[in-house]
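Have a look at query.tsv below; it lists TSV, C-alpha atoms.
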```tsv
chain	number	residue	atom	x	y	z
D	1	MET	CA	-11.32	-15.32	147.26
D	2	ARG	CA	-9.09	-14.79	144.23
D	3	PHE	CA	-11.33	-11.91	143.10
D	4	LEU	CA	-11.15	-10.20	146.49
D	5	ALA	CA	-7.40	-10.73	146.64
D	6	LEU	CA	-7.01	-9.08	143.27
D	7	LEU	CA	-9.18	-6.20	144.43
D	8	ARG	CA	-7.12	-5.67	147.57
D	9	SER	CA	-3.85	-5.90	145.69
D	10	ALA	CA	-5.05	-3.33	143.19
D	11	GLY	CA	-5.77	-0.96	146.07
D	12	ARG	CA	-9.22	-0.05	144.81
D	13	ARG	CA	-12.16	1.22	146.86
D	14	THR	CA	-15.00	-1.22	147.58
D	15	ASP	CA	-17.22	0.81	149.89
D	16	SER	CA	-19.11	2.72	147.21
D	17	VAL	CA	-20.94	-0.14	145.48
D	18	ARG	CA	-24.09	-1.73	146.83
D	19	GLN	CA	-25.13	-5.38	146.57
D	20	ALA	CA	-27.09	-6.06	143.40
D	21	SER	CA	-29.24	-8.94	142.26
D	22	ARG	CA	-26.36	-11.06	140.93
D	23	HIS	CA	-24.19	-10.92	144.06
D	24	LEU	CA	-21.54	-8.45	142.92
D	25	SER	CA	-20.76	-6.47	146.05
D	26	ALA	CA	-17.55	-4.81	144.85
D	27	LEU	CA	-16.17	-3.14	141.78
D	28	PRO	CA	-13.85	-5.24	139.60
D	29	PRO	CA	-10.11	-4.60	139.85
D	30	TRP	CA	-8.55	-1.70	137.94
D	31	THR	CA	-11.83	0.25	137.70
D	32	ASP	CA	-11.89	2.65	140.69
D	33	TYR	CA	-9.42	5.51	141.14
D	34	HIS	CA	-9.13	8.79	142.99
D	35	TYR	CA	-7.98	11.80	140.98
D	36	GLY	CA	-5.50	12.93	143.64
D	37	GLU	CA	-4.02	9.47	144.13
D	38	VAL	CA	-3.61	8.90	140.41
D	39	SER	CA	-2.01	12.33	139.99
D	40	SER	CA	0.50	11.76	142.81
D	41	LYS	CA	1.33	8.24	141.67
D	42	PHE	CA	1.62	8.76	137.94
D	43	GLY	CA	2.42	12.48	137.74
D	44	LYS	CA	0.40	15.50	136.71
D	45	GLU	CA	0.02	14.28	133.13
D	46	SER	CA	-1.66	11.04	134.20
D	47	ILE	CA	-5.16	12.28	133.53
D	48	THR	CA	-4.32	13.20	129.96
D	49	THR	CA	-2.30	10.08	129.17
D	50	GLY	CA	-4.09	7.60	131.42
D	51	SER	CA	-2.44	4.85	133.43
D	52	ARG	CA	-1.87	1.33	132.23
D	53	ASP	CA	-4.23	-0.06	134.87
D	54	MET	CA	-7.00	2.38	133.98
D	55	LYS	CA	-6.86	1.31	130.34
D	56	LYS	CA	-6.83	-2.34	131.44
D	57	GLY	CA	-9.97	-1.84	133.54
D	58	PHE	CA	-11.74	0.03	130.74
D	59	ASP	CA	-10.93	-2.60	128.14
D	60	GLU	CA	-11.73	-5.54	130.42
D	61	TYR	CA	-14.91	-4.31	132.13
D	62	GLY	CA	-16.14	-1.43	129.98
D	63	PHE	CA	-15.73	1.34	132.53
D	64	VAL	CA	-13.50	3.10	135.02
D	65	ILE	CA	-14.35	5.57	137.78
D	66	LEU	CA	-12.20	8.60	138.49
D	67	ARG	CA	-13.19	10.15	141.80
D	68	LYS	CA	-13.18	13.93	142.26
D	69	VAL	CA	-12.53	14.80	138.63
D	70	LEU	CA	-14.18	18.11	139.47
D	71	THR	CA	-12.91	19.81	142.62
D	72	HIS	CA	-15.41	21.41	145.02
D	73	GLN	CA	-14.59	24.79	143.50
D	74	GLU	CA	-14.96	23.55	139.92
D	75	LEU	CA	-18.21	21.79	140.78
D	76	ALA	CA	-19.65	24.98	142.27
D	77	HIS	CA	-18.60	26.84	139.11
D	78	VAL	CA	-20.33	24.28	136.89
D	79	LYS	CA	-23.47	24.24	139.06
D	80	GLN	CA	-23.67	28.01	138.74
D	81	ALA	CA	-23.60	27.60	134.98
D	82	LEU	CA	-26.28	24.90	135.02
D	83	GLU	CA	-28.67	25.99	137.75
D	84	GLY	CA	-28.62	29.72	137.09
D	85	ASN	CA	-28.74	29.49	133.34
D	86	GLY	CA	-32.17	29.74	131.80
D	87	ALA	CA	-30.53	29.54	128.38
D	88	ILE	CA	-29.70	25.87	129.06
D	89	LEU	CA	-32.74	24.84	131.08
D	90	LYS	CA	-35.19	26.32	128.59
D	91	GLU	CA	-33.96	23.69	126.14
D	92	SER	CA	-35.11	20.86	128.42
D	93	LEU	CA	-36.67	17.76	126.91
D	94	VAL	CA	-38.90	15.26	128.72
D	95	VAL	CA	-38.30	11.52	128.26
D	96	ASP	CA	-41.03	9.02	129.22
D	97	ASP	CA	-39.98	5.78	130.93
D	98	GLY	CA	-43.20	3.89	130.14
D	99	SER	CA	-44.16	3.56	133.81
D	100	GLY	CA	-45.76	6.91	134.41
D	101	ARG	CA	-42.52	8.72	135.21
D	102	GLU	CA	-40.46	11.21	133.24
D	103	SER	CA	-36.92	12.57	133.35
D	104	ARG	CA	-35.70	15.85	131.95
D	105	MET	CA	-32.61	16.40	129.89
D	106	CYS	CA	-30.89	19.16	127.95
D	107	LEU	CA	-28.69	18.04	125.05
D	108	TRP	CA	-26.28	19.99	122.87
D	109	ASN	CA	-24.08	18.83	120.00
D	110	HIS	CA	-21.07	21.12	120.26
D	111	PRO	CA	-19.31	22.09	123.50
D	112	GLY	CA	-19.23	25.84	122.92
D	113	SER	CA	-17.09	28.32	124.86
D	114	ASP	CA	-19.06	28.60	128.11
D	115	VAL	CA	-18.18	26.92	131.43
D	116	THR	CA	-19.93	23.67	130.48
D	117	GLY	CA	-17.98	23.61	127.24
D	118	MET	CA	-14.70	23.90	129.13
D	119	VAL	CA	-15.59	20.72	131.04
D	120	GLY	CA	-16.31	18.76	127.87
D	121	ARG	CA	-13.12	20.07	126.22
D	122	SER	CA	-10.85	19.68	129.26
D	123	GLU	CA	-7.83	17.42	129.26
D	124	LYS	CA	-9.00	15.52	132.33
D	125	VAL	CA	-12.30	14.63	130.65
D	126	ALA	CA	-11.78	14.64	126.87
D	127	GLY	CA	-8.09	13.75	127.20
D	128	THR	CA	-8.82	10.79	129.46
D	129	MET	CA	-11.48	9.50	127.09
D	130	GLN	CA	-9.09	9.86	124.18
D	131	LYS	CA	-6.57	7.63	125.92
D	132	LEU	CA	-9.18	5.08	126.98
D	133	LEU	CA	-10.55	4.81	123.44
D	134	GLY	CA	-7.06	4.63	121.97
D	135	GLY	CA	-7.04	7.55	119.54
D	136	GLU	CA	-8.23	11.03	118.66
D	137	VAL	CA	-11.82	11.73	119.72
D	138	TYR	CA	-14.32	14.43	118.92
D	139	HIS	CA	-17.27	15.72	120.91
D	140	TYR	CA	-20.40	13.79	119.94
D	141	HIS	CA	-22.76	15.52	122.35
D	142	THR	CA	-23.23	16.60	125.96
D	143	LYS	CA	-26.39	16.34	128.02
D	144	LEU	CA	-27.59	17.36	131.43
D	145	MET	CA	-29.72	14.54	132.86
D	146	MET	CA	-32.18	15.62	135.54
D	147	LYS	CA	-34.01	13.11	137.75
D	148	GLU	CA	-35.99	15.22	140.17
D	149	ALA	CA	-36.92	14.10	143.68
D	150	PHE	CA	-39.84	11.63	143.87
D	151	THR	CA	-40.63	12.02	140.15
D	152	GLY	CA	-37.54	11.18	138.11
D	153	GLY	CA	-38.08	8.37	135.63
D	154	ALA	CA	-36.07	5.24	134.89
D	155	PHE	CA	-33.84	4.41	131.93
D	156	VAL	CA	-34.07	0.83	130.70
D	157	TRP	CA	-31.14	-1.51	130.07
D	158	HIS	CA	-29.35	-0.43	126.93
D	159	GLN	CA	-26.02	0.09	125.22
D	160	ASP	CA	-25.36	3.58	123.97
D	161	TYR	CA	-24.21	1.99	120.75
D	162	GLY	CA	-27.74	0.61	120.46
D	163	TYR	CA	-28.70	4.21	119.73
D	164	TRP	CA	-25.55	5.30	117.92
D	165	TYR	CA	-25.43	2.31	115.55
D	166	GLN	CA	-28.64	3.70	114.05
D	167	ASN	CA	-26.86	7.00	113.43
D	168	GLY	CA	-24.40	5.48	110.98
D	169	CYS	CA	-21.48	4.89	113.36
D	170	LEU	CA	-19.88	1.74	111.94
D	171	TYR	CA	-17.74	0.92	114.97
D	172	PRO	CA	-18.47	1.11	118.70
D	173	ASP	CA	-15.32	3.21	119.25
D	174	MET	CA	-17.27	5.63	121.42
D	175	GLY	CA	-17.67	6.42	125.10
D	176	THR	CA	-19.25	8.69	127.67
D	177	ALA	CA	-17.96	10.59	130.68
D	178	PHE	CA	-20.74	10.68	133.32
D	179	ILE	CA	-20.00	13.36	135.94
D	180	ALA	CA	-22.16	13.40	139.06
D	181	ILE	CA	-23.46	16.88	139.85
D	182	ASP	CA	-25.37	15.51	142.84
D	183	LYS	CA	-24.77	12.45	144.97
D	184	CYS	CA	-25.82	9.41	142.92
D	185	ASP	CA	-26.84	6.33	144.89
D	186	GLU	CA	-29.32	3.49	144.79
D	187	GLU	CA	-32.04	5.59	146.43
D	188	ASN	CA	-32.12	8.33	143.80
D	189	GLY	CA	-31.51	6.16	140.74
D	190	CYS	CA	-27.77	5.81	140.27
D	191	MET	CA	-26.24	3.99	137.32
D	192	GLN	CA	-26.34	0.20	137.24
D	193	VAL	CA	-23.82	-1.55	135.01
D	194	ILE	CA	-22.96	-5.08	133.92
D	195	PRO	CA	-19.15	-5.33	134.11
D	196	GLY	CA	-17.66	-6.97	131.03
D	197	SER	CA	-20.79	-6.60	128.91
D	198	ASN	CA	-18.75	-4.41	126.56
D	199	LYS	CA	-17.27	-7.66	125.20
D	200	ILE	CA	-20.52	-9.29	124.06
D	201	GLY	CA	-21.04	-7.11	121.00
D	202	ARG	CA	-24.10	-5.10	120.05
D	203	ILE	CA	-27.40	-6.48	121.32
D	204	ASP	CA	-30.62	-5.93	119.37
D	205	HIS	CA	-32.48	-2.84	120.61
D	206	TYR	CA	-36.15	-1.91	120.37
D	207	ARG	CA	-38.26	1.11	121.17
D	208	VAL	CA	-39.44	1.18	124.82
D	209	ALA	CA	-41.77	4.09	125.54
D	210	GLY	CA	-39.65	7.17	124.73
D	211	GLN	CA	-36.38	5.24	124.85
D	212	THR	CA	-34.42	2.55	123.00
D	213	GLY	CA	-33.90	-0.58	125.11
D	214	ALA	CA	-31.84	-3.76	124.72
D	215	ASP	CA	-33.47	-7.15	124.12
D	216	GLU	CA	-34.73	-8.15	127.59
D	217	GLU	CA	-34.16	-11.90	127.23
D	218	ARG	CA	-30.54	-11.36	126.20
D	219	VAL	CA	-29.99	-8.84	128.99
D	220	GLU	CA	-31.23	-11.34	131.60
D	221	ALA	CA	-28.84	-13.96	130.26
D	222	VAL	CA	-25.95	-11.51	130.40
D	223	LYS	CA	-26.80	-10.50	133.97
D	224	GLU	CA	-26.93	-14.15	135.01
D	225	ARG	CA	-23.47	-14.73	133.55
D	226	LEU	CA	-21.71	-11.48	134.53
D	227	GLY	CA	-23.70	-9.92	137.36
D	228	GLU	CA	-24.63	-6.28	137.86
D	229	ILE	CA	-23.66	-3.52	140.26
D	230	TYR	CA	-24.97	-0.19	141.48
D	231	VAL	CA	-22.35	2.51	141.07
D	232	ASP	CA	-22.46	5.17	143.79
D	233	LEU	CA	-20.87	8.48	142.87
D	234	ASP	CA	-20.19	11.54	144.98
D	235	PRO	CA	-20.54	15.00	143.41
D	236	GLY	CA	-17.60	15.57	141.09
D	237	ASP	CA	-16.88	11.86	140.48
D	238	CYS	CA	-16.76	10.68	136.87
D	239	LEU	CA	-17.71	7.31	135.38
D	240	PHE	CA	-16.02	6.77	131.99
D	241	PHE	CA	-17.79	3.98	130.11
D	242	HIS	CA	-17.69	2.28	126.71
D	243	SER	CA	-20.57	2.49	124.26
D	244	LEU	CA	-21.15	-1.29	124.46
D	245	LEU	CA	-21.47	-1.40	128.26
D	246	LEU	CA	-24.98	-2.43	129.31
D	247	HIS	CA	-26.36	0.06	131.82
D	248	LYS	CA	-29.60	1.37	133.26
D	249	SER	CA	-30.90	3.52	136.11
D	250	ASN	CA	-34.03	3.22	138.23
D	251	GLN	CA	-36.64	5.80	139.10
D	252	ASN	CA	-35.85	8.42	141.70
D	253	ASN	CA	-38.16	7.67	144.62
D	254	SER	CA	-36.09	9.66	147.10
D	255	PRO	CA	-36.33	13.26	148.34
D	256	LYS	CA	-32.97	13.99	146.64
D	257	ARG	CA	-32.63	15.14	143.05
D	258	ARG	CA	-30.10	13.38	140.79
D	259	TRP	CA	-28.46	15.61	138.20
D	260	ALA	CA	-25.59	14.36	136.04
D	261	PHE	CA	-23.46	15.90	133.29
D	262	LEU	CA	-22.62	13.50	130.45
D	263	SER	CA	-20.21	14.19	127.59
D	264	ALA	CA	-20.09	11.61	124.79
D	265	TYR	CA	-17.16	11.18	122.40
D	266	ASN	CA	-16.54	9.39	119.14
D	267	ARG	CA	-13.22	8.36	117.62
D	268	SER	CA	-12.26	10.57	114.69
D	269	SER	CA	-11.68	7.39	112.65
D	270	ASN	CA	-15.33	6.44	113.22
D	271	ASP	CA	-16.87	9.34	111.30
D	272	PRO	CA	-20.55	8.38	110.78
D	273	ILE	CA	-21.52	7.37	107.27
D	274	LYS	CA	-24.64	9.56	107.22
D	275	ASP	CA	-25.84	12.89	108.47
D	276	HIS	CA	-28.05	12.68	111.56
D	277	HIS	CA	-29.00	14.65	114.68
D	278	HIS	CA	-25.45	14.51	116.16
D	279	PRO	CA	-22.23	15.80	114.57
D	280	ARG	CA	-20.04	14.02	112.11
D	281	TYR	CA	-16.32	14.40	112.71
D	282	THR	CA	-15.53	17.89	113.99
D	283	PRO	CA	-12.02	18.50	115.38
D	284	LEU	CA	-12.11	19.04	119.14
D	285	GLU	CA	-10.09	21.92	120.53
D	286	LYS	CA	-9.14	20.65	123.98
D	287	VAL	CA	-8.32	23.11	126.75
D	288	PRO	CA	-6.21	22.82	129.92
D	289	ASP	CA	-8.05	21.88	133.09
D	290	SER	CA	-7.48	25.37	134.45
D	291	ALA	CA	-9.89	26.72	131.81
D	292	ILE	CA	-12.87	25.43	133.80
D	293	LEU	CA	-12.38	27.95	136.61
D	294	GLU	CA	-10.87	30.64	134.43
D	295	CYS	CA	-13.94	30.73	132.19
D	296	GLN	CA	-16.51	33.34	133.26
D	297	ASN	CA	-18.91	32.75	130.39
D	298	PHE	CA	-22.07	31.44	132.04
D	299	PHE	CA	-24.71	32.62	129.57
D	300	ASP	CA	-23.43	32.76	125.98
D	301	MET	CA	-24.60	29.54	124.33
D	302	THR	CA	-23.36	30.42	120.85
D	303	GLY	CA	-22.65	27.40	118.68
D	304	LYS	CA	-23.88	24.69	121.07
D	305	ASP	CA	-26.68	23.50	118.75
D	306	PHE	CA	-29.29	22.33	121.26
D	307	MET	CA	-31.24	19.20	120.41
D	308	ASP	CA	-34.43	19.44	118.40
D	309	PRO	CA	-36.34	16.26	119.40
D	310	SER	CA	-38.04	16.05	116.01
D	311	ARG	CA	-34.64	15.23	114.46
D	312	ASP	CA	-33.99	12.23	116.74
D	313	LYS	CA	-35.23	8.92	115.30
D	314	THR	CA	-33.92	6.82	118.20
D	315	SER	CA	-35.99	8.24	121.08
D	316	SER	CA	-39.14	10.29	121.68
D	317	GLY	CA	-38.41	13.33	123.82
D	318	ARG	CA	-40.56	16.41	123.86
D	319	LYS	CA	-39.84	20.02	124.71
D	320	THR	CA	-41.01	21.25	128.13
D	321	SER	CA	-41.76	24.75	126.89
```
Conversion result in structure tokens:
Amino acid sequence: MRFLALLRSAGRRTDSVRQASRHLSALPPWTDYHYGEVSSKFGKESITTGSRDMKKGFDEYGFVILRKVLTHQELAHVKQALEGNGAILKESLVVDDGSGRESRMCLWNHPGSDVTGMVGRSEKVAGTMQKLLGGEVYHYHTKLMMKEAFTGGAFVWHQDYGYWYQNGCLYPDMGTAFIAIDKCDEENGCMQVIPGSNKIGRIDHYRVAGQTGADEERVEAVKERLGEIYVDLDPGDCLFFHSLLLHKSNQNNSPKRRWAFLSAYNRSSNDPIKDHHHPRYTPLEKVPDSAILECQNFFDMTGKDFMDPSRDKTSSGRKTS
């Protein structure tokens, strides 16, 4: 009752999360916001500076959701850049889930100056992550994750820092902005998260098929203690989450594809101690949100540095072409 009272008093939405195996039927307080409501309540600079409650939710539970980060018009602009751009899709990699299914992804290390780069450099994405992480950030990488209808593979329970620790990042001062390009729900393999798992520290990770997965026995214990939830996202919604948050996604057994656009960031103070397949500290030139629609560069991929799977020692993707 106290939990539900807190949720109601915080004014957060509860209709977008489905019941999961550990009886969490609602998002925790301070984790679910609407872009328009936050803007009107805290002023137009709220997305770049963040609100006190957003930071509280991120620190306490490891994630916050900002609904409609991309407007319908911006989303259409980004989809044009992704769907009509052979220069991006030709760089697709295939990742095996160990159960006979595969997912595709395209990954690039630097944002570039095209439409997709404007999203990763925008104040409402990069600026929000900078405030949530508590200091200057740089672009660590962006990827387009593609779970196609009926065939998209699963991603096992893991912490992103389970991968990034191996890259020489000494601290987990890192996070990802997961923007739904399509509707993401339980049927097509939406994100599942364990709220508060960002506080348990780094769990041991091991190779699982083409992925890196967290120790299963420890994950089960964490789920039993903290519970798990399915996070439904509408197109344009963004899930900002910490690198220590345990998360996974199931196979896509539905007739709906599930594409998502993920930009990862690292604190500038957390410059990796060794060279690897992602960038060391590179100053990020943020742009105003208006740059997303103003940009008409859909095809010039100069400087993005697409992923060569042979350089990645933490997973086993392969090129599709």
Q.
Using all atoms listed in the file, list the residues that have an atom at most 8 Å from (-15.4, 0.0, 129.6), coordinates as in the file, as a VMD selection string.
A. chain D and resid 57 to 64 195 to 196 198 240 to 245
Q.
Just the number, please: distance in Å from atom CA of D:Gly153 to atom CA of D:Ala180, one decimal.
A.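 So the answer is 17.0 Å.
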Could you give me, as a PDB file with C-alpha atoms, in the coordinates of the input, the residues within 8 Å of stretch 111-123 of chain D, counting all atoms listed in the file and dropping anything in the same chain fewer than 6 positions from it?
```
ATOM      1  CA  ILE D  47      -5.160  12.280 133.530  1.00  0.00           C
ATOM      2  CA  THR D  48      -4.320  13.200 129.960  1.00  0.00           C
ATOM      3  CA  HIS D  77     -18.600  26.840 139.110  1.00  0.00           C
ATOM      4  CA  VAL D  78     -20.330  24.280 136.890  1.00  0.00           C
ATOM      5  CA  ALA D  81     -23.600  27.600 134.980  1.00  0.00           C
ATOM      6  CA  LEU D  82     -26.280  24.900 135.020  1.00  0.00           C
ATOM      7  CA  HIS D 139     -17.270  15.720 120.910  1.00  0.00           C
ATOM      8  CA  HIS D 141     -22.760  15.520 122.350  1.00  0.00           C
ATOM      9  CA  THR D 142     -23.230  16.600 125.960  1.00  0.00           C
ATOM     10  CA  SER D 263     -20.210  14.190 127.590  1.00  0.00           C
ATOM     11  CA  LEU D 284     -12.110  19.040 119.140  1.00  0.00           C
ATOM     12  CA  GLU D 285     -10.090  21.920 120.530  1.00  0.00           C
ATOM     13  CA  LYS D 286      -9.140  20.650 123.980  1.00  0.00           C
ATOM     14  CA  VAL D 287      -8.320  23.110 126.750  1.00  0.00           C
ATOM     15  CA  PRO D 288      -6.210  22.820 129.920  1.00  0.00           C
ATOM     16  CA  ASP D 289      -8.050  21.880 133.090  1.00  0.00           C
ATOM     17  CA  ALA D 291      -9.890  26.720 131.810  1.00  0.00           C
ATOM     18  CA  ILE D 292     -12.870  25.430 133.800  1.00  0.00           C
ATOM     19  CA  LEU D 293     -12.380  27.950 136.610  1.00  0.00           C
ATOM     20  CA  CYS D 295     -13.940  30.730 132.190  1.00  0.00           C
ATOM     21  CA  GLN D 296     -16.510  33.340 133.260  1.00  0.00           C
ATOM     22  CA  ASN D 297     -18.910  32.750 130.390  1.00  0.00           C
ATOM     23  CA  PHE D 298     -22.070  31.440 132.040  1.00  0.00           C
ATOM     24  CA  PHE D 299     -24.710  32.620 129.570  1.00  0.00           C
ATOM     25  CA  ASP D 300     -23.430  32.760 125.980  1.00  0.00           C
ATOM     26  CA  MET D 301     -24.600  29.540 124.330  1.00  0.00           C
ATOM     27  CA  THR D 302     -23.360  30.420 120.850  1.00  0.00           C
ATOM     28  CA  GLY D 303     -22.650  27.400 118.680  1.00  0.00           C
ATOM     29  CA  LYS D 304     -23.880  24.690 121.070  1.00  0.00           C
TER      30      LYS D 304
END
```
What are the nearest atom pairs, with distances in Å to one decimal, for all residues of stretch 25-139 of chain D that come at most 10 Å from stretch 158-174 of chain D, using all atoms listed in the file, set out by chain and rising residue number as CSV?
```
residue,atom,partner,partner_atom,distance
D:Met129,CA,D:Met174,CA,9.0
D:Gln130,CA,D:Met174,CA,9.6
D:Leu132,CA,D:Met174,CA,9.8
D:Leu133,CA,D:Asp173,CA,6.5
D:Gly134,CA,D:Asp173,CA,8.8
D:Gly135,CA,D:Asp173,CA,9.4
D:Val137,CA,D:Met174,CA,8.4
D:Tyr138,CA,D:Met174,CA,9.6
```
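Take the candidates D:Pro28, D:Lys68, D:Ser268, D:Lys131 and check each one against D:Ser51 using only C-alpha atoms; the shortest distance goes to D:Lys131.
Note that the spacing between atom CA of D:Tyr230 and atom CA of D:Asn253 amounts to 15.7 Å.
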Q: May I have the residues within 7 Å of D:Trp30 as a PyMOL selection string, using only C-alpha atoms and disregarding those fewer than 4 positions away in the same chain?
A: chain D and resi 10+53-54+56-57
Please produce a file of the residues just selected, as a PDB file, in the frame of the given file, where the atoms kept are C-alpha atoms.
```
ATOM      1  CA  ALA D  10      -5.050  -3.330 143.190  1.00  0.00           C
ATOM      2  CA  ASP D  53      -4.230  -0.060 134.870  1.00  0.00           C
ATOM      3  CA  MET D  54      -7.000   2.380 133.980  1.00  0.00           C
ATOM      4  CA  LYS D  56      -6.830  -2.340 131.440  1.00  0.00           C
ATOM      5  CA  GLY D  57      -9.970  -1.840 133.540  1.00  0.00           C
TER       6      GLY D  57
END
```
Q: Could you tell me how far atom CA of D:Val156 lies from atom CA of D:Tyr265, in Å and to one decimal?
A: 21.5 Å
Can you sort out the box for stretch 119-125 of chain D, edges along x, y and z, all listed atoms in, 6 Å on every side, with centre and edge lengths in Å to one decimal, as JSON?
```
{"center_x": -12.1, "center_y": 17.7, "center_z": 129.3, "size_x": 20.5, "size_y": 18.1, "size_z": 18.1}
```
Q: Would you list the contacts of D:Val193 as a ChimeraX atom specification, taking every protein, DNA or RNA residue within 7 Å and counting only C-alpha atoms, but skipping same-chain residues closer than 2 positions in sequence?
A: /D:191,195,228-230,246-248
